[in-house]
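Encoded as structure tokens, the structure appears first; notes follow it.
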There are 4 protein chains.
Amino acid sequence: MIVVMRKDSSKEQLEGVRERIEGHGLQAQVSEGVERTVVGVLGQTFVELKDELGLMEGVLEVVLISKPYKLSSREFKPEDTVVRVGDVLVGNHELTVMAGPCAVEDEEQVVLTARAVKAAGATILRGGAFKPRSSPYSFRGTGVHGLQLLAKARVDTGLPVITEVMTPEDVGMVAQYADALQIGTRNAQNFNLLDAVGKANKPVLLKRGFSSTYEEWLLAAEYILSGGNSQVILCERGIRTFETGTRFTMDLSAIPVIQDLSHLPVIADPSHSTGRANLVPPMTLAAVAAGAHGVIIDVHPNPAVAKCDGAQALTFEVFDGLMSQVHAVAQAMGKVPAAAGG
Amino acid sequence: MIVVMRKDSSKEQLEGVRERIEGHGLQAQVSEGVERTVVGVLGQTFVELKDELGLMEGVLEVVLISKPYKLSSREFKPEDTVVRVGDVLVGNHELTVMAGPCAVEDEEQVVLTARAVKAAGATILRGGAFKPRSSPYSFRGTGVHGLQLLAKARVDTGLPVITEVMTPEDVGMVAQYADALQIGTRNAQNFNLLDAVGKANKPVLLKRGFSSTYEEWLLAAEYILSGGNSQVILCERGIRTFETGTRFTMDLSAIPVIQDLSHLPVIADPSHSTGRANLVPPMTLAAVAAGAHGVIIDVHPNPAVAKCDGAQALTFEVFDGLMSQVHAVAQAMGKVPAAAGG
Amino acid sequence: MIVVMRKDSSKEQLEGVRERIEGHGLQAQVSEGVERTVVGVLGQTFVELKDELGLMEGVLEVVLISKPYKLSSREFKPEDTVVRVGDVLVGNHELTVMAGPCAVEDEEQVVLTARAVKAAGATILRGGAFKPRSSPYSFRGTGVHGLQLLAKARVDTGLPVITEVMTPEDVGMVAQYADALQIGTRNAQNFNLLDAVGKANKPVLLKRGFSSTYEEWLLAAEYILSGGNSQVILCERGIRTFETGTRFTMDLSAIPVIQDLSHLPVIADPSHSTGRANLVPPMTLAAVAAGAHGVIIDVHPNPAVAKCDGAQALTFEVFDGLMSQVHAVAQAMGKVPAAAGG
Amino acid sequence: MIVVMRKDSSKEQLEGVRERIEGHGLQAQVSEGVERTVVGVLGQTFVELKDELGLMEGVLEVVLISKPYKLSSREFKPEDTVVRVGDVLVGNHELTVMAGPCAVEDEEQVVLTARAVKAAGATILRGGAFKPRSSPYSFRGTGVHGLQLLAKARVDTGLPVITEVMTPEDVGMVAQYADALQIGTRNAQNFNLLDAVGKANKPVLLKRGFSSTYEEWLLAAEYILSGGNSQVILCERGIRTFETGTRFTMDLSAIPVIQDLSHLPVIADPSHSTGRANLVPPMTLAAVAAGAHGVIIDVHPNPAVAKCDGAQALTFEVFDGLMSQVHAVAQAMGKVPAAAGG
């Protein structure tokens, strides 16, 4: 932590800052520059100290040097974390493809989709039973029945299942059906929910809040890791910007940035990022080329009648064609696409 | 709902769109313009139809005409809603001042603050017992004990109390202590929580999500209203933009815009918007001049040692001075500052 | 400037950084903290050094402490700058109202508007002759003829005139007609134009770029000041954010922030910020309450047929009513509204 | 154009709207829906009509259906435009690589770099002689001398040269030296400059304004096309968002979106998007996989001493390694990397 003094600050103010720092058992190291005097704070600082010093007379600003997240940082754990979802490993040299319907509607829809995405090369089935929707009047999911249908699709295809949990009290129940728990973008700072999945015995797919900074995203992961659950996959899913030509702006730079800052695997969701089916193939390929550990894609037997986000779902046929291209780009990148279970 | 056809769309494609619309029991009205053909959809449309038509061959885009929120719209209810918090009315011709500590720390802190803000003209006490924090390592509030301290401060001063609830299962418990329930910005799209307070028998202060559009904000209110709770106060508290010189960017235009779109009262939170105590007075006055029904302000006996957001808290003295200016501007605006409860 | 070393950096890397700093004739002060080692750079640093050090092995990041602008900073010049436009002073204890048509159309329009705004209390006439328009097919102004009409309106009313200049080669010509030169938001980083008005002998109204940070805005002013022209008025006119319910998001916090960072006067443009006439009155009053030195407002005899931005222009009647309210709020704020010339 | 009436609008107001439309020689087609009445406007509308109708009593909003750009739209010209820069074609099935120093410093620097990037596979040399800089105190380029050095490097290597022009009066001079003119992001809405290059006889590389929407970007291109110059290459270079972990947020979705909306070639600039050399390789590959017609990359013999943006420049060695990967991904995408000039 570094305290920058105002140019017009007095000797007494500088002395006050030094005393305050030392009063907390820390060391103050004063550097008088040509332009400004700065005071380095040495020792085990704490976040609240920033405000405390920032409010003192004569102080211009306080700059944090340490990152506020620890367990999720690569400095803490240099080697990559590999997360196991069912029998599928995420975060190693393979490229993982997760696919399935945005919302589970009925048995035929989910089982047919599971078979189709498996045949095309996906190794994890995604599907929403509890759906967060901006409007209370939209379709909000099939709930427990949807979870049961996902479990049936798992039996049918052998694909492990990932599905969203929206509230702490549902965590145990969803964990009975799912192989991995998804935290949605609108719950990215629902701290009670993060606490709850931090105590669950299942891997967690943590979507980036659509307005979360990299730091806030890793702090959300920190909630889960510090709760005792080290199995976290991060997922870039688009951020909100001024541009309304796509639903969100897919921030693919997040892939290499997060891989630099953290040891956790990071995948990309081109479906929710763009909101438009015709943009999903190019952005899927771009995510692979940017180095993502995997992708998660909306697929539906008949997008036109999907009960949720049909505009972004791929048909079986388009998804199958995309997988061939994904294969080619992954190979060009030196990655092995995870083998289809078949 | 209006369907815009591509310029190169065929007669058959247009016919397909018409049939699909009529298949849902709706009317299709085709207008062939010089530039484009558009199809108006008449009748009781539903949100999913947008995706369905948008995916058809030959369709360029589908434009929604109706707003997706209803109960919260001024078109639905033209006259202003006035919400009662304890004995205090919010949303009428008076200006309501809510003030208190960001986080409740101990009895002395909260009672002294309650007395000071009451003396200066506040009529509602704010204070957080459950604190949403970006980092799991920050102070997360005093919980139930904090609620009990708020209740003591109410007994001591007569001020009704508003405090945050973070998760559905706490709603009943918090409602036992509080006169109004606050939904924080990070829970602005925690739909399970919105459902839960929609069934509570207490007024709700709904903060705008820091990345919520006006429409999403009113849809969040719609969750509460459609759950049966009509006592909602909206609160602008800053949005996230590219500018990092303030913690968030206070969007004061939201005040008149929301008053135009909705009948619900709307107040402003200059403390969390700016994150800096020296900006709170000018932005409080600006909010009043923009026509806010009230303001909510962080006040602390000694901001430098506050356990949460000390950088933005006002001292008793500064708050008292600010209240005089608020009084003057409110009068210039033809508003009556709500009388102190004394 | 402070260099933060990576945790895993070596002694040799630290030594390399120290040598590089000293090689530039600067001093390096090493502080070994519990968490990290940081190196303070003492002496007259230069901006390029940040990249140079940031690219060295073992360096995590380089933090700038000094602000990059000087002449425009309050640290450089503590007392307020007061700018003279014709005979009107901007930046003192008075509130300056500039008003007029967005675009000059014809003599009747501009002279009638000038008379009306003067009668209502404005003391500077605004009007655009050269109009920057997003589309090449929109009305782009009346050019030199428009400048002549503005000059006629000045003769008629005595109001000094402010008008936009869009390109360096026009600066001399516009300066012949205008009392102050306006730099529009889309030219906020047109550095050749900033250089050109920096050499002009007229005050400059510098609008904030709609995506400029406070720092970039003050650096744009720095171009003008360092060119030799100290007569700069800053103007907040809305920034681009995710919210599309208003044309831009008016960032009123900019008023007190800039007044803290800089000695230059700062005014607000509620017309271009909001883009909607019904939002102009509340946001004008909010700007006054936030402490702006003035406001600049679009007024048109008949907004419905305005050739440019009619949706945001006030009628004479609405403007007149607004001026009474401005008067009241300014008085409540302890400001004196600049006297009408009448 | 579609006029949406307020729910509480009267018969008279609807009649007024109809008359106003017909008064302009257009047709009004009224549709009375269950929820709202809308009026379609048929005929050759004009942009100003939106404001005019939007201001009428009883009107809720006016929705534009036609896009405001024409010449740059794919509807206007369905087949791809291929732009010729020197002898290099941009916009066909080949992938074009432009590379070189951000700023031209001296002969050795630019010639060595030109040779190195050519050897690695680049076919166009980029280099800045006139540099737009946020601060007036930063290095602002070598000007005409820099142009002469670029011309020498062209003679030496045979690579055509692309360089930035910052102001209208320099267009003719820069065009004497350059094979293509670059418009920088800060001049993306410098309309006088767009007009000037629209009359130049050289291809133009038009960078997206860092806060330009897709529509504004295409309208900027429209300025150039409507001036008579059809040789425009669009370049995505990152947009400004709330995320500060990268310099800008690279919006790769822009690639497929623009290819859908426009016939103009679109390339990507990973160097200025990210601002960090370690992010350039993954984002270059991502741009290729997203379908970009080319990339433009900063390369410098010794980034640590670069006079401009050294933090984002690649060394010769890293650039060479990247080109092998680009080759592999381009081939996986079915693209042919443009042959080095050999």
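Letters A, B, ... go to the chains of the structure tokens in the order shown; residues in each chain start at 1; ligands are counted from 1 in the same order.
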- Exercise answer, chain C residues close to chain D, 8 Å and only C-alpha atoms, as a PyMOL selection string: chain C and resi 47-48+51-56+68-69+132-136+138+166-169+186-187+189-192+211+216+219-220+222-223+226+240+303-311
File of the preceding selection, N, CA and C atoms, as a tab-separated table (two decimals), in the first residue's frame:
chain	number	residue	atom	x	y	z
C	47	VAL	N	6.98	10.23	-19.36
C	47	VAL	CA	5.90	9.27	-19.59
C	47	VAL	C	6.39	7.97	-20.22
C	48	GLU	N	7.34	8.05	-21.14
C	48	GLU	CA	7.77	6.85	-21.85
C	48	GLU	C	8.46	5.85	-20.92
C	51	ASP	N	6.44	2.59	-19.91
C	51	ASP	CA	6.50	1.42	-20.79
C	51	ASP	C	7.85	0.74	-20.67
C	52	GLU	N	8.90	1.55	-20.66
C	52	GLU	CA	10.24	0.98	-20.64
C	52	GLU	C	10.45	0.07	-19.43
C	53	LEU	N	10.05	0.56	-18.27
C	53	LEU	CA	10.23	-0.26	-17.06
C	53	LEU	C	9.22	-1.39	-17.03
C	54	GLY	N	8.01	-1.12	-17.51
C	54	GLY	CA	6.95	-2.13	-17.46
C	54	GLY	C	7.30	-3.37	-18.27
C	55	LEU	N	8.19	-3.22	-19.24
C	55	LEU	CA	8.54	-4.35	-20.11
C	55	LEU	C	9.71	-5.15	-19.58
C	56	MET	N	10.31	-4.71	-18.48
C	56	MET	CA	11.49	-5.43	-17.98
C	56	MET	C	11.09	-6.73	-17.29
C	68	PRO	N	-0.55	13.63	-15.38
C	68	PRO	CA	0.15	14.02	-16.61
C	68	PRO	C	-0.16	15.44	-17.09
C	69	TYR	N	-1.17	16.07	-16.49
C	69	TYR	CA	-1.46	17.45	-16.91
C	69	TYR	C	-0.88	18.39	-15.84
C	132	PRO	N	-21.16	19.30	-36.76
C	132	PRO	CA	-20.69	17.92	-36.93
C	132	PRO	C	-21.89	16.97	-36.85
C	133	ARG	N	-22.08	16.16	-37.85
C	133	ARG	CA	-23.25	15.27	-37.88
C	133	ARG	C	-22.79	13.84	-38.16
C	134	SER	N	-23.37	12.89	-37.45
C	134	SER	CA	-22.98	11.48	-37.62
C	134	SER	C	-23.14	11.01	-39.06
C	135	SER	N	-24.16	11.53	-39.73
C	135	SER	CA	-24.42	11.10	-41.10
C	135	SER	C	-24.06	12.20	-42.09
C	136	PRO	N	-23.42	11.84	-43.19
C	136	PRO	CA	-23.11	12.85	-44.21
C	136	PRO	C	-24.35	13.41	-44.89
C	138	SER	N	-27.11	14.38	-43.24
C	138	SER	CA	-27.85	15.31	-42.39
C	138	SER	C	-27.45	16.75	-42.72
C	166	MET	N	-14.63	23.49	-36.41
C	166	MET	CA	-14.45	22.05	-36.59
C	166	MET	C	-13.09	21.64	-37.14
C	167	THR	N	-12.34	22.59	-37.70
C	167	THR	CA	-11.09	22.18	-38.34
C	167	THR	C	-10.08	23.32	-38.26
C	168	PRO	N	-8.80	23.00	-38.16
C	168	PRO	CA	-7.78	24.03	-37.90
C	168	PRO	C	-7.84	25.20	-38.87
C	169	GLU	N	-8.05	24.92	-40.15
C	169	GLU	CA	-7.96	26.01	-41.11
C	169	GLU	C	-9.12	27.02	-40.98
C	186	ARG	N	-16.89	15.48	-30.44
C	186	ARG	CA	-16.25	14.54	-31.37
C	186	ARG	C	-14.85	15.03	-31.78
C	187	ASN	N	-14.54	16.25	-31.47
C	187	ASN	CA	-13.20	16.78	-31.72
C	187	ASN	C	-12.40	16.94	-30.43
C	189	GLN	N	-10.46	15.07	-29.01
C	189	GLN	CA	-9.08	14.60	-29.15
C	189	GLN	C	-8.58	14.79	-30.58
C	190	ASN	N	-9.07	15.86	-31.20
C	190	ASN	CA	-8.55	16.29	-32.50
C	190	ASN	C	-7.40	17.23	-32.17
C	191	PHE	N	-6.21	16.64	-32.07
C	191	PHE	CA	-5.10	17.38	-31.46
C	191	PHE	C	-4.63	18.54	-32.33
C	192	ASN	N	-4.75	18.41	-33.64
C	192	ASN	CA	-4.38	19.54	-34.51
C	192	ASN	C	-5.31	20.72	-34.26
C	211	SER	N	-16.51	10.07	-24.53
C	211	SER	CA	-15.84	8.93	-23.90
C	211	SER	C	-14.50	9.32	-23.31
C	216	GLU	N	-8.17	12.62	-19.58
C	216	GLU	CA	-8.05	12.95	-21.00
C	216	GLU	C	-8.63	14.32	-21.30
C	219	LEU	N	-6.17	16.81	-20.20
C	219	LEU	CA	-5.04	16.80	-21.13
C	219	LEU	C	-5.40	17.53	-22.43
C	220	ALA	N	-6.65	17.43	-22.84
C	220	ALA	CA	-7.09	18.19	-24.02
C	220	ALA	C	-6.99	19.69	-23.72
C	222	GLU	N	-4.95	20.91	-21.64
C	222	GLU	CA	-3.52	21.16	-21.55
C	222	GLU	C	-2.93	21.51	-22.92
C	223	TYR	N	-3.45	20.87	-23.98
C	223	TYR	CA	-3.02	21.22	-25.34
C	223	TYR	C	-3.24	22.71	-25.59
C	226	SER	N	-1.07	24.88	-23.10
C	226	SER	CA	0.37	24.85	-23.42
C	226	SER	C	0.65	25.53	-24.75
C	240	ARG	N	-20.92	8.43	-22.90
C	240	ARG	CA	-21.59	7.25	-23.48
C	240	ARG	C	-21.48	6.08	-22.50
C	303	PRO	N	-39.23	24.07	-32.04
C	303	PRO	CA	-38.39	22.87	-32.06
C	303	PRO	C	-38.84	21.83	-33.08
C	304	ALA	N	-40.11	21.73	-33.33
C	304	ALA	CA	-40.61	20.67	-34.21
C	304	ALA	C	-40.07	20.78	-35.62
C	305	VAL	N	-39.67	21.98	-36.03
C	305	VAL	CA	-39.14	22.10	-37.40
C	305	VAL	C	-37.65	22.46	-37.40
C	306	ALA	N	-37.00	22.31	-36.25
C	306	ALA	CA	-35.56	22.60	-36.18
C	306	ALA	C	-34.81	21.69	-37.13
C	307	LYS	N	-33.76	22.22	-37.75
C	307	LYS	CA	-32.99	21.41	-38.70
C	307	LYS	C	-31.99	20.50	-38.00
C	308	CYS	N	-31.87	20.65	-36.71
C	308	CYS	CA	-30.86	19.87	-35.99
C	308	CYS	C	-31.29	19.69	-34.55
C	309	ASP	N	-31.39	18.44	-34.08
C	309	ASP	CA	-31.62	18.15	-32.67
C	309	ASP	C	-32.84	18.85	-32.08
C	310	GLY	N	-33.90	18.92	-32.85
C	310	GLY	CA	-35.11	19.57	-32.36
C	310	GLY	C	-35.67	18.91	-31.11
C	311	ALA	N	-35.44	17.61	-30.97
C	311	ALA	CA	-36.02	16.89	-29.84
C	311	ALA	C	-35.53	17.39	-28.50
- Message: Need the shell around range 323-336 of chain B: protein/DNA/RNA residues with any atom at most 12 Å away, counting only C-alpha atoms. Skip same-chain ones fewer than 4 positions apart. Format as a ChimeraX atom specification?
- Response: /B:91-99,116-123,280-295,297,314,316-319,340 /C:281-282,285-286,288-290,322,324-334
- Message: I need the residues in range 97-276 of chain B that are alpha helix (DSSP H) according to DSSP; give them as a ChimeraX atom specification.
- Response: /B:107-120,143-157,171-177,191-198,214-226,254-261,270-274
- Query: What separation in Å, quoted to one decimal, exists between CA of Glu32 in chain D and CA of Glu12 in chain B?
  - Reply: 26.0 Å
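Shell of Glu79 in chain D at 10 Å, with only C-alpha atoms counted and residues fewer than 4 places along the chain excluded, is D:Arg74, D:Glu75, D:Ser262, D:His263, D:Leu264.
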- Separation of CA of Met250 in chain C from CA of His300 in chain B in Å: 29.4 Å
What parts of range 64-221 of chain D does DSSP call strand (DSSP E)? I'd like the answer as a PDB file with N, CA and C atoms, in the first residue's frame.
ATOM      1  N   VAL D  83     -10.067  -4.166 -51.692  1.00  0.00           N
ATOM      2  CA  VAL D  83      -9.321  -2.912 -51.773  1.00  0.00           C
ATOM      3  C   VAL D  83      -7.869  -3.228 -52.138  1.00  0.00           C
ATOM      4  N   ARG D  84      -7.310  -2.426 -53.037  1.00  0.00           N
ATOM      5  CA  ARG D  84      -5.925  -2.633 -53.458  1.00  0.00           C
ATOM      6  C   ARG D  84      -5.019  -1.592 -52.791  1.00  0.00           C
ATOM      7  N   VAL D  85      -4.048  -2.092 -52.018  1.00  0.00           N
ATOM      8  CA  VAL D  85      -3.053  -1.223 -51.386  1.00  0.00           C
ATOM      9  C   VAL D  85      -1.720  -1.544 -52.047  1.00  0.00           C
ATOM     10  N   VAL D  88      -1.158  -5.137 -53.153  1.00  0.00           N
ATOM     11  CA  VAL D  88      -1.750  -6.106 -52.228  1.00  0.00           C
ATOM     12  C   VAL D  88      -3.269  -5.930 -52.195  1.00  0.00           C
ATOM     13  N   LEU D  89      -3.976  -7.043 -52.304  1.00  0.00           N
ATOM     14  CA  LEU D  89      -5.432  -7.000 -52.248  1.00  0.00           C
ATOM     15  C   LEU D  89      -5.901  -7.298 -50.826  1.00  0.00           C
ATOM     16  N   VAL D  90      -6.839  -6.506 -50.351  1.00  0.00           N
ATOM     17  CA  VAL D  90      -7.382  -6.718 -49.013  1.00  0.00           C
ATOM     18  C   VAL D  90      -8.881  -6.947 -49.145  1.00  0.00           C
ATOM     19  N   GLU D  94      -7.701 -14.146 -49.092  1.00  0.00           N
ATOM     20  CA  GLU D  94      -6.405 -14.180 -48.413  1.00  0.00           C
ATOM     21  C   GLU D  94      -6.474 -13.422 -47.092  1.00  0.00           C
ATOM     22  N   LEU D  95      -5.552 -13.755 -46.215  1.00  0.00           N
ATOM     23  CA  LEU D  95      -5.433 -13.028 -44.955  1.00  0.00           C
ATOM     24  C   LEU D  95      -4.265 -12.057 -45.086  1.00  0.00           C
ATOM     25  N   THR D  96      -4.538 -10.780 -44.885  1.00  0.00           N
ATOM     26  CA  THR D  96      -3.489  -9.769 -45.027  1.00  0.00           C
ATOM     27  C   THR D  96      -2.871  -9.436 -43.678  1.00  0.00           C
ATOM     28  N   VAL D  97      -1.557  -9.426 -43.620  1.00  0.00           N
ATOM     29  CA  VAL D  97      -0.878  -9.017 -42.390  1.00  0.00           C
ATOM     30  C   VAL D  97      -0.149  -7.696 -42.636  1.00  0.00           C
ATOM     31  N   MET D  98      -0.523  -6.681 -41.869  1.00  0.00           N
ATOM     32  CA  MET D  98       0.158  -5.386 -41.902  1.00  0.00           C
ATOM     33  C   MET D  98       0.951  -5.297 -40.603  1.00  0.00           C
ATOM     34  N   ALA D  99       2.192  -4.882 -40.693  1.00  0.00           N
ATOM     35  CA  ALA D  99       2.993  -4.812 -39.471  1.00  0.00           C
ATOM     36  C   ALA D  99       4.049  -3.743 -39.614  1.00  0.00           C
ATOM     37  N   GLY D 100       4.565  -3.313 -38.466  1.00  0.00           N
ATOM     38  CA  GLY D 100       5.589  -2.283 -38.459  1.00  0.00           C
ATOM     39  C   GLY D 100       5.543  -1.528 -37.154  1.00  0.00           C
ATOM     40  N   ILE D 124       2.201  -5.670 -45.923  1.00  0.00           N
ATOM     41  CA  ILE D 124       2.034  -4.216 -45.908  1.00  0.00           C
ATOM     42  C   ILE D 124       2.795  -3.684 -44.685  1.00  0.00           C
ATOM     43  N   LEU D 125       3.489  -2.567 -44.882  1.00  0.00           N
ATOM     44  CA  LEU D 125       4.239  -1.950 -43.784  1.00  0.00           C
ATOM     45  C   LEU D 125       3.405  -0.850 -43.139  1.00  0.00           C
ATOM     46  N   ARG D 126       3.222  -0.929 -41.821  1.00  0.00           N
ATOM     47  CA  ARG D 126       2.546   0.160 -41.132  1.00  0.00           C
ATOM     48  C   ARG D 126       3.598   0.957 -40.367  1.00  0.00           C
ATOM     49  N   VAL D 161       2.999   0.968 -48.126  1.00  0.00           N
ATOM     50  CA  VAL D 161       3.063   1.650 -46.834  1.00  0.00           C
ATOM     51  C   VAL D 161       1.711   2.235 -46.463  1.00  0.00           C
ATOM     52  N   ILE D 162       1.342   2.039 -45.206  1.00  0.00           N
ATOM     53  CA  ILE D 162       0.132   2.669 -44.680  1.00  0.00           C
ATOM     54  C   ILE D 162       0.514   3.531 -43.492  1.00  0.00           C
ATOM     55  N   THR D 163      -0.009   4.765 -43.455  1.00  0.00           N
ATOM     56  CA  THR D 163       0.376   5.688 -42.374  1.00  0.00           C
ATOM     57  C   THR D 163      -0.776   6.647 -42.095  1.00  0.00           C
ATOM     58  N   GLU D 164      -0.775   7.186 -40.895  1.00  0.00           N
ATOM     59  CA  GLU D 164      -1.906   7.996 -40.440  1.00  0.00           C
ATOM     60  C   GLU D 164      -1.820   9.437 -40.918  1.00  0.00           C
ATOM     61  N   ALA D 180      -1.614   3.892 -48.537  1.00  0.00           N
ATOM     62  CA  ALA D 180      -2.951   3.943 -47.944  1.00  0.00           C
ATOM     63  C   ALA D 180      -2.909   4.914 -46.775  1.00  0.00           C
ATOM     64  N   LEU D 181      -4.047   5.600 -46.565  1.00  0.00           N
ATOM     65  CA  LEU D 181      -4.152   6.605 -45.509  1.00  0.00           C
ATOM     66  C   LEU D 181      -4.902   6.006 -44.331  1.00  0.00           C
ATOM     67  N   GLN D 182      -4.363   6.181 -43.146  1.00  0.00           N
ATOM     68  CA  GLN D 182      -5.048   5.673 -41.963  1.00  0.00           C
ATOM     69  C   GLN D 182      -5.736   6.815 -41.226  1.00  0.00           C
ATOM     70  N   ILE D 183      -6.989   6.572 -40.847  1.00  0.00           N
ATOM     71  CA  ILE D 183      -7.712   7.502 -39.969  1.00  0.00           C
ATOM     72  C   ILE D 183      -7.734   6.869 -38.589  1.00  0.00           C
ATOM     73  N   VAL D 204      -8.258   4.002 -47.901  1.00  0.00           N
ATOM     74  CA  VAL D 204      -8.307   4.520 -46.528  1.00  0.00           C
ATOM     75  C   VAL D 204      -8.528   3.365 -45.561  1.00  0.00           C
ATOM     76  N   LEU D 205      -7.707   3.315 -44.523  1.00  0.00           N
ATOM     77  CA  LEU D 205      -7.932   2.382 -43.413  1.00  0.00           C
ATOM     78  C   LEU D 205      -8.640   3.171 -42.324  1.00  0.00           C
ATOM     79  N   LEU D 206      -9.903   2.848 -42.069  1.00  0.00           N
ATOM     80  CA  LEU D 206     -10.704   3.622 -41.125  1.00  0.00           C
ATOM     81  C   LEU D 206     -10.836   2.859 -39.819  1.00  0.00           C
ATOM     82  N   LYS D 207     -10.142   3.321 -38.807  1.00  0.00           N
ATOM     83  CA  LYS D 207     -10.260   2.674 -37.508  1.00  0.00           C
ATOM     84  C   LYS D 207     -11.589   3.047 -36.875  1.00  0.00           C
TER      85      LYS D 207
END
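With only C-alpha atoms taken into account, the protein and nucleic acid residues at most 9 Å from Tyr214 in chain B (excluding it and anything under 6 positions from it in its own chain) are Arg208, Ala254, Val257 and Ile258 of chain B; Glu243, Thr244 and Gly245 of chain C.
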